[in-house]
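Colleague: File follows, query_37.txt with compact mmCIF, C-alpha atoms and all ligand atoms:
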# COMPACT_ATOMS: atom_id res chain seq x y z
CA MET M 7 79.12 113.57 112.90
CA ARG M 8 80.29 112.90 109.42
CA ASN M 9 78.55 109.54 109.21
CA LEU M 10 75.32 111.24 110.03
CA ALA M 11 76.03 113.91 107.44
CA VAL M 12 76.77 111.24 104.86
CA ARG M 13 73.57 109.43 105.72
CA ILE M 14 71.54 112.60 105.42
CA PHE M 15 73.37 113.35 102.23
CA LEU M 16 72.60 109.93 100.73
CA PHE M 17 69.02 110.22 101.77
CA ALA M 18 68.85 113.63 100.17
CA CYS M 19 70.32 112.18 96.98
CA LEU M 20 67.80 109.37 96.95
CA PHE M 21 64.99 111.78 97.58
CA PHE M 22 66.26 114.00 94.85
CA ALA M 23 66.67 111.11 92.41
CA LEU M 24 63.11 110.00 93.06
CA CYS M 25 61.50 113.32 92.43
CA SER M 26 63.69 114.71 89.71
CA CYS M 27 63.00 112.19 86.96
CA GLY M 28 62.52 113.74 83.59
CA LYS M 29 63.14 117.27 84.76
CA SER M 30 65.87 119.42 83.31
CA ASP M 31 68.77 121.01 85.18
CA ARG M 32 67.92 122.86 88.34
CA HIS M 33 69.97 125.38 90.19
CA TYR M 34 70.11 126.70 93.71
CA ASP M 35 71.92 129.73 95.08
CA PHE M 36 73.29 129.44 98.57
CA LYS M 37 75.78 130.81 101.05
CA GLY M 38 78.41 128.94 102.96
CA ARG M 39 81.92 128.78 104.33
CA VAL M 40 84.79 127.07 102.55
CA VAL M 41 86.18 124.38 104.85
CA SER M 42 88.85 123.37 102.38
CA LYS M 43 89.83 123.64 98.76
CA VAL M 44 91.12 120.55 96.99
CA SER M 45 92.84 121.95 93.92
CA GLU M 46 93.70 118.56 92.42
CA THR M 47 90.08 117.58 92.07
CA HIS M 48 88.76 121.14 91.65
CA THR M 49 86.51 120.60 94.64
CA LEU M 50 85.38 122.79 97.50
CA VAL M 51 84.34 121.35 100.83
CA VAL M 52 81.63 123.74 101.95
CA ASP M 53 79.86 124.16 105.26
CA HIS M 54 76.62 125.54 103.93
CA GLU M 55 73.25 126.74 105.05
CA ASN M 56 70.08 124.87 104.23
CA ILE M 57 69.52 124.78 100.48
CA PRO M 58 65.74 124.42 100.19
CA GLY M 59 64.77 121.74 97.71
CA PHE M 60 68.28 120.33 97.46
CA MET M 61 70.25 119.76 100.65
CA ALA M 62 69.99 120.31 104.37
CA ALA M 63 72.63 122.44 106.04
CA MET M 64 75.83 120.40 106.25
CA THR M 65 79.48 120.17 105.37
CA MET M 66 80.16 118.30 102.17
CA PRO M 67 82.40 118.33 99.10
CA TYR M 68 81.19 120.01 95.92
CA PRO M 69 82.85 119.50 92.56
CA VAL M 70 83.29 122.84 90.80
CA ALA M 71 82.64 123.45 87.10
CA ALA M 72 85.87 123.42 85.09
CA ASN M 73 85.44 127.02 83.92
CA VAL M 74 85.23 128.42 87.45
CA ASP M 75 88.54 129.85 88.65
CA LEU M 76 89.26 128.93 92.27
CA SER M 77 92.56 130.76 92.63
CA GLY M 78 90.90 133.51 94.67
CA VAL M 79 89.08 131.15 97.01
CA GLU M 80 90.65 129.81 100.20
CA ALA M 81 89.61 127.87 103.30
CA GLY M 82 87.77 130.11 105.74
CA ASP M 83 86.22 132.31 103.03
CA ARG M 84 82.52 133.01 103.13
CA ILE M 85 81.07 132.41 99.68
CA ALA M 86 77.91 132.78 97.65
CA ALA M 87 77.62 129.94 95.20
CA ARG M 88 75.29 128.34 92.71
CA VAL M 89 74.89 124.59 92.51
CA VAL M 90 73.49 123.17 89.30
CA VAL M 91 71.92 119.73 89.43
CA ASN M 92 71.27 117.81 86.24
CA LYS M 93 68.52 115.30 85.66
CA ASP M 94 70.77 112.41 86.73
CA GLY M 95 71.29 114.04 90.09
CA ASP M 96 74.91 115.02 89.36
CA TYR M 97 75.77 118.43 90.66
CA GLU M 98 78.50 121.02 90.50
CA LEU M 99 79.10 124.61 91.47
CA THR M 100 78.90 126.96 88.52
CA LYS M 101 79.32 130.24 90.37
CA VAL M 102 81.54 130.90 93.35
CA ALA M 103 81.95 134.42 94.72
CA VAL M 104 83.91 135.24 97.86
CA THR M 105 81.73 137.54 99.97
CA ASP M 106 84.05 137.77 102.99
CA SER M 107 87.69 136.77 103.11
CA SER M 108 88.45 138.21 106.55
CA HIS M 109 88.27 134.76 108.14
CA ARG M 110 90.65 133.25 105.65
CA GLN M 111 92.86 130.69 107.30
CA LYS M 112 96.51 131.52 107.40
CA GLU M 113 97.27 128.07 108.74
CA VAL M 114 96.15 125.73 106.03
CA ASN M 115 97.19 122.74 108.09
CA GLU M 116 94.53 122.98 110.78
CA THR M 117 93.37 119.55 111.84
CA ARG M 118 89.88 118.42 111.19
CA GLN M 119 88.35 115.44 109.54
CA LEU M 120 89.76 114.81 106.09
CA PHE M 121 87.85 114.10 102.94
CA PRO M 122 89.26 111.82 100.25
CA GLY M 123 91.76 113.72 98.14
CA GLU M 124 93.08 115.75 101.05
CA GLU M 125 96.60 115.58 102.36
CA ILE M 126 97.13 113.71 105.61
CA PRO M 127 98.80 115.55 108.48
CA ASP M 128 102.49 114.74 108.59
CA VAL M 129 102.93 113.90 112.25
CA GLU M 130 105.89 112.28 113.91
CA LEU M 131 105.62 108.95 115.71
CA VAL M 132 108.05 106.55 117.34
CA ASN M 133 108.19 103.03 115.96
CA GLN M 134 108.67 99.64 117.60
CA ASP M 135 112.45 100.13 117.53
CA GLY M 136 112.28 103.50 119.25
CA LYS M 137 113.08 105.27 115.97
CA LYS M 138 111.31 108.34 114.68
CA LEU M 139 108.80 107.72 111.94
CA ARG M 140 107.01 110.44 109.99
CA LEU M 141 103.99 109.69 107.88
CA SER M 142 105.73 111.52 105.03
CA ASP M 143 108.49 108.87 105.14
CA SER M 144 106.04 106.68 103.24
CA ARG M 145 105.59 109.06 100.31
CA GLY M 146 105.74 107.12 97.09
CA LYS M 147 104.16 104.10 98.75
CA THR M 148 100.56 103.10 99.09
CA VAL M 149 99.88 102.98 102.82
CA LEU M 150 97.23 101.19 104.84
CA LEU M 151 97.05 102.70 108.32
CA THR M 152 94.92 101.77 111.30
CA PHE M 153 94.65 102.54 115.01
CA ILE M 154 95.02 99.95 117.73
CA TYR M 155 96.17 99.57 121.30
CA THR M 156 97.95 96.49 122.50
CA ARG M 157 95.84 95.91 125.64
CA CYS M 158 92.55 96.00 123.74
CA PRO M 159 90.32 93.24 125.14
CA MET M 160 87.62 93.44 122.47
CA PRO M 161 88.09 90.64 119.93
CA THR M 162 86.14 92.45 117.23
CA PHE M 163 88.17 95.64 117.63
CA CYS M 164 91.97 95.86 117.76
CA PRO M 165 92.75 92.13 117.67
CA ARG M 166 90.50 91.82 114.64
CA LEU M 167 92.15 94.81 112.92
CA SER M 168 95.62 93.44 113.61
CA SER M 169 94.62 90.01 112.28
CA LEU M 170 93.28 91.68 109.15
CA PHE M 171 96.52 93.58 108.77
CA ALA M 172 98.47 90.35 109.20
CA ALA M 173 96.43 88.82 106.37
CA VAL M 174 97.03 91.89 104.18
CA GLU M 175 100.73 91.73 105.02
CA LYS M 176 100.87 88.07 104.00
CA GLU M 177 99.03 88.69 100.75
CA LEU M 178 101.21 91.64 99.73
CA ALA M 179 104.37 89.68 100.52
CA LYS M 180 103.49 87.19 97.78
CA ASP M 181 104.50 89.72 95.14
CA PRO M 182 107.87 91.38 95.79
CA LYS M 183 107.04 94.35 93.55
CA GLU M 184 103.77 94.95 95.31
CA TYR M 185 105.46 94.49 98.66
CA ALA M 186 108.04 97.14 97.79
CA ARG M 187 105.37 99.66 96.82
CA THR M 188 103.23 99.32 99.92
CA ARG M 189 103.42 99.88 103.66
CA LEU M 190 101.26 99.07 106.67
CA ILE M 191 101.20 101.20 109.79
CA SER M 192 99.42 100.39 113.05
CA VAL M 193 99.21 103.47 115.22
CA SER M 194 98.74 103.02 118.95
CA ILE M 195 96.07 105.10 120.66
CA ASP M 196 97.65 104.32 124.03
CA PRO M 197 100.82 106.45 124.32
CA LYS M 198 100.90 105.86 128.06
CA PHE M 199 101.28 102.11 127.86
CA ASP M 200 102.39 101.25 124.32
CA SER M 201 106.10 101.95 124.49
CA PRO M 202 108.34 100.77 121.62
CA PRO M 203 109.21 97.46 123.38
CA VAL M 204 105.53 96.77 124.02
CA LEU M 205 104.70 97.49 120.39
CA ARG M 206 107.59 95.35 119.24
CA LYS M 207 106.38 92.36 121.19
CA TYR M 208 102.82 92.90 120.01
CA GLY M 209 103.92 93.29 116.40
CA LEU M 210 106.06 90.17 116.41
CA ALA M 211 103.05 88.13 117.47
CA TYR M 212 101.31 89.18 114.23
CA LEU M 213 104.45 88.79 112.11
CA ASN M 214 105.23 85.22 113.14
CA GLY M 215 108.29 86.49 114.94
CA ASP M 216 109.89 87.80 111.73
CA GLU M 217 111.36 91.15 112.72
CA LYS M 218 112.53 91.92 109.18
CA LYS M 219 108.88 92.49 108.35
CA PHE M 220 108.81 95.59 110.56
CA GLU M 221 110.31 97.36 107.54
CA HIS M 222 106.99 96.83 105.80
CA TRP M 223 104.59 96.93 108.72
CA SER M 224 105.38 99.49 111.40
CA PHE M 225 103.86 99.68 114.84
CA ALA M 226 104.16 103.24 116.02
CA VAL M 227 103.04 105.48 118.81
CA PRO M 228 102.49 109.25 118.60
CA THR M 229 102.61 111.79 121.40
CA PRO M 230 99.15 112.49 122.86
CA GLU M 231 99.07 115.80 120.90
CA ASN M 232 99.93 114.13 117.62
CA LEU M 233 97.46 111.38 118.31
CA LYS M 234 94.79 114.03 118.70
CA LYS M 235 95.68 115.47 115.30
CA LEU M 236 95.56 112.08 113.62
CA ALA M 237 92.35 111.10 115.34
CA GLN M 238 90.66 114.29 114.19
CA ALA M 239 91.87 113.82 110.64
CA PHE M 240 90.56 110.27 110.51
CA ALA M 241 87.42 110.70 112.61
CA LEU M 242 88.64 108.41 115.33
CA VAL M 243 87.13 108.70 118.78
CA TYR M 244 88.91 107.36 121.86
CA GLU M 245 88.52 107.81 125.56
CA GLU M 246 90.31 106.26 128.44
CA GLU M 247 88.11 104.65 131.04
CA ASP M 248 88.89 102.06 133.72
CA ASN M 249 92.35 101.29 132.37
CA GLN M 250 90.86 100.56 128.99
CA ILE M 251 90.27 102.74 125.99
CA ALA M 252 86.82 103.00 124.51
CA HIS M 253 87.32 103.77 120.86
CA SER M 254 85.91 103.77 117.38
CA MET M 255 87.75 102.29 114.43
CA SER M 256 89.36 103.94 111.51
CA THR M 257 91.45 102.28 108.84
CA VAL M 258 92.63 104.51 106.04
CA LEU M 259 94.20 104.06 102.66
CA ILE M 260 96.76 106.74 101.82
CA GLY M 261 98.05 107.25 98.28
CA PRO M 262 101.70 107.60 97.26
CA ASP M 263 101.09 111.37 97.15
CA GLY M 264 100.20 111.39 100.86
CA ARG M 265 96.53 111.99 100.26
CA LEU M 266 93.58 110.15 101.74
CA ILE M 267 91.95 107.73 99.32
CA LYS M 268 89.49 105.69 101.33
CA GLU M 269 88.54 104.81 104.87
CA TRP M 270 86.82 102.05 106.74
CA ASN M 271 85.17 102.86 110.06
CA VAL M 272 84.37 99.29 111.01
CA SER M 273 86.20 96.01 111.08
CA ASP M 274 83.78 94.12 108.84
CA TRP M 275 85.99 94.52 105.80
CA ILE M 276 88.14 91.61 104.79
CA ALA M 277 91.79 91.56 103.91
CA THR M 278 91.10 91.08 100.20
CA ASP M 279 89.05 94.33 100.15
CA ALA M 280 92.03 96.27 101.36
CA VAL M 281 94.47 94.49 99.08
CA ALA M 282 92.17 95.10 96.10
CA ALA M 283 91.93 98.79 97.00
CA MET M 284 95.71 99.02 97.32
CA ARG M 285 96.18 97.33 93.94
CA GLN M 286 93.74 99.76 92.39
CA VAL M 287 95.93 102.64 93.53
CA GLU M 288 98.95 101.00 91.94
CA ASN M 289 97.12 100.31 88.71
CA ALA M 290 95.86 103.88 88.50
CA LYS M 291 99.43 105.09 88.85
CA ASN M 292 100.69 103.03 85.89
CU CU M 301 90.57 98.16 120.58
In structure tokens, how does this file's structure come out?
Ligand SMILES: [Cu+2]

Modeller:
Amino acid sequence: MRNLAVRIFLFACLFFALCSCGKSDRHYDFKGRVVSKVSETHTLVVDHENIPGFMAAMTMPYPVAANVDLSGVEAGDRIAARVVVNKDGDYELTKVAVTDSSHRQKEVNETRQLFPGEEIPDVELVNQDGKKLRLSDSRGKTVLLTFIYTRCPMPTFCPRLSSLFAAVEKELAKDPKEYARTRLISVSIDPKFDSPPVLRKYGLAYLNGDEKKFEHWSFAVPTPENLKKLAQAFALVYEEEDNQIAHSMSTVLIGPDGRLIKEWNVSDWIATDAVAAMRQVENAKN
């Protein structure tokens, strides 16, 4: 869904860039529903109607002009807004008026796909030692998290992701400071089969048998309900069929503040990409 939206969005941007050369700022008034408010970045994620001349109907994040007060706007609100687009194609909302707040969400923590900058759901999992692990336990660390299942027979899927993680693990271990500031988590999408002992055995194969490294790289399994929450948040699709699990891939980078930074939906990234992205987070912090 989102990939399609992003593609349409990029196409719209390109189209806009091509036909907007030399023109001055343009503005469009539209209506929509606030999916989420990201206060830190002063951004609204809006599910909006078609905006003729600018953007097809879709859900996407909009930066909001600094002088617009968002304290009275919450997820679920229907809004009327104005988007101003400058000649470079940059855009922001300059007017935001709540037209209907009766659908305002009381539960801010509803699960749905996250955008960068949003807080990840703090679900509980059980790690390879049978101990409880919460995603919030990693606050203060930069976390690379992916989804796997131990029985996965597709070389370019889970085995590939776990090999990539092993390479990232090795690279991070070269610098003790970096190692201390980072964590890796492989989340099983197979709660039925991937018990802690199964995960432990699987993990050791990627850690050269060094069980001390589980402190840095956890293999954890959620309950089916919690898995559903995580999968929604990270746009992961999985379905059991014929004793296997057909699934998409999602690897996410989570900042020390527990917010989503970046995601990869394929396995064509290489370990150095992830390590570079993790270092960038650390550098930004200092
Ligand atoms: Cu797999």

Colleague: Find the residue from M:Lys37, M:Arg187, M:Arg206, M:Ile154 that sits nearest to Lys218 of chain M; use all atoms listed in the file when measuring.

Modeller: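 When distances to Lys218 of chain M are compared using all atoms listed in the file, the smallest one comes from M:Arg206.
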
Colleague: With the cut-off set at 7 Å and counting all atoms listed in the file, tabulate each residue of chain M with an atom at most that distance from an atom of ligand CU 301 (chain M), showing the nearest atom pair and its distance in Å to one decimal, ordered by chain and increasing number, as a tab-separated table.

Modeller:
residue	atom	partner	partner_atom	distance
M:Ile154	CA	M:CU301	CU	5.6
M:Tyr155	CA	M:CU301	CU	5.8
M:Cys158	CA	M:CU301	CU	4.3
M:Pro159	CA	M:CU301	CU	6.7
M:Met160	CA	M:CU301	CU	5.9
M:Phe163	CA	M:CU301	CU	4.6
M:Cys164	CA	M:CU301	CU	3.9
M:His253	CA	M:CU301	CU	6.5

Colleague: Provide the atom CA of Thr65 of chain M to atom CA of Phe240 of chain M distance in Å, to one decimal place.

Modeller: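 Between atom CA of Thr65 of chain M and atom CA of Phe240 of chain M the gap works out to 15.7 Å.
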
Colleague: Pick the closest to Asn289 of chain M from M:Thr162, M:Met64, M:Glu175, M:Gly261: which is it, counting all atoms listed in the file?

Modeller: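 Of the candidates, the smallest distance to Asn289 of chain M is held by M:Gly261.
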
Colleague: Restricting the calculation to all atoms listed in the file: of M:Lys183, M:Arg84, M:Arg189, M:His33, which residue gets closest to Phe171 of chain M?

Modeller: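 Among the listed residues, the smallest separation from Phe171 of chain M belongs to M:Arg189.
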
Colleague: Can you tell me how far atom CA of Ala179 of chain M sits from atom CA of Lys219 of chain M, in Å to one decimal?

Modeller: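 Separating atom CA of Ala179 of chain M from atom CA of Lys219 of chain M is a distance of 9.5 Å.
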
Colleague: Closest to Pro230 of chain M among M:Val258, M:Asp135, M:Asn214, M:Glu130, using all atoms listed in the file?

Modeller: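 Distance minimum relative to Pro230 of chain M lands on M:Glu130.
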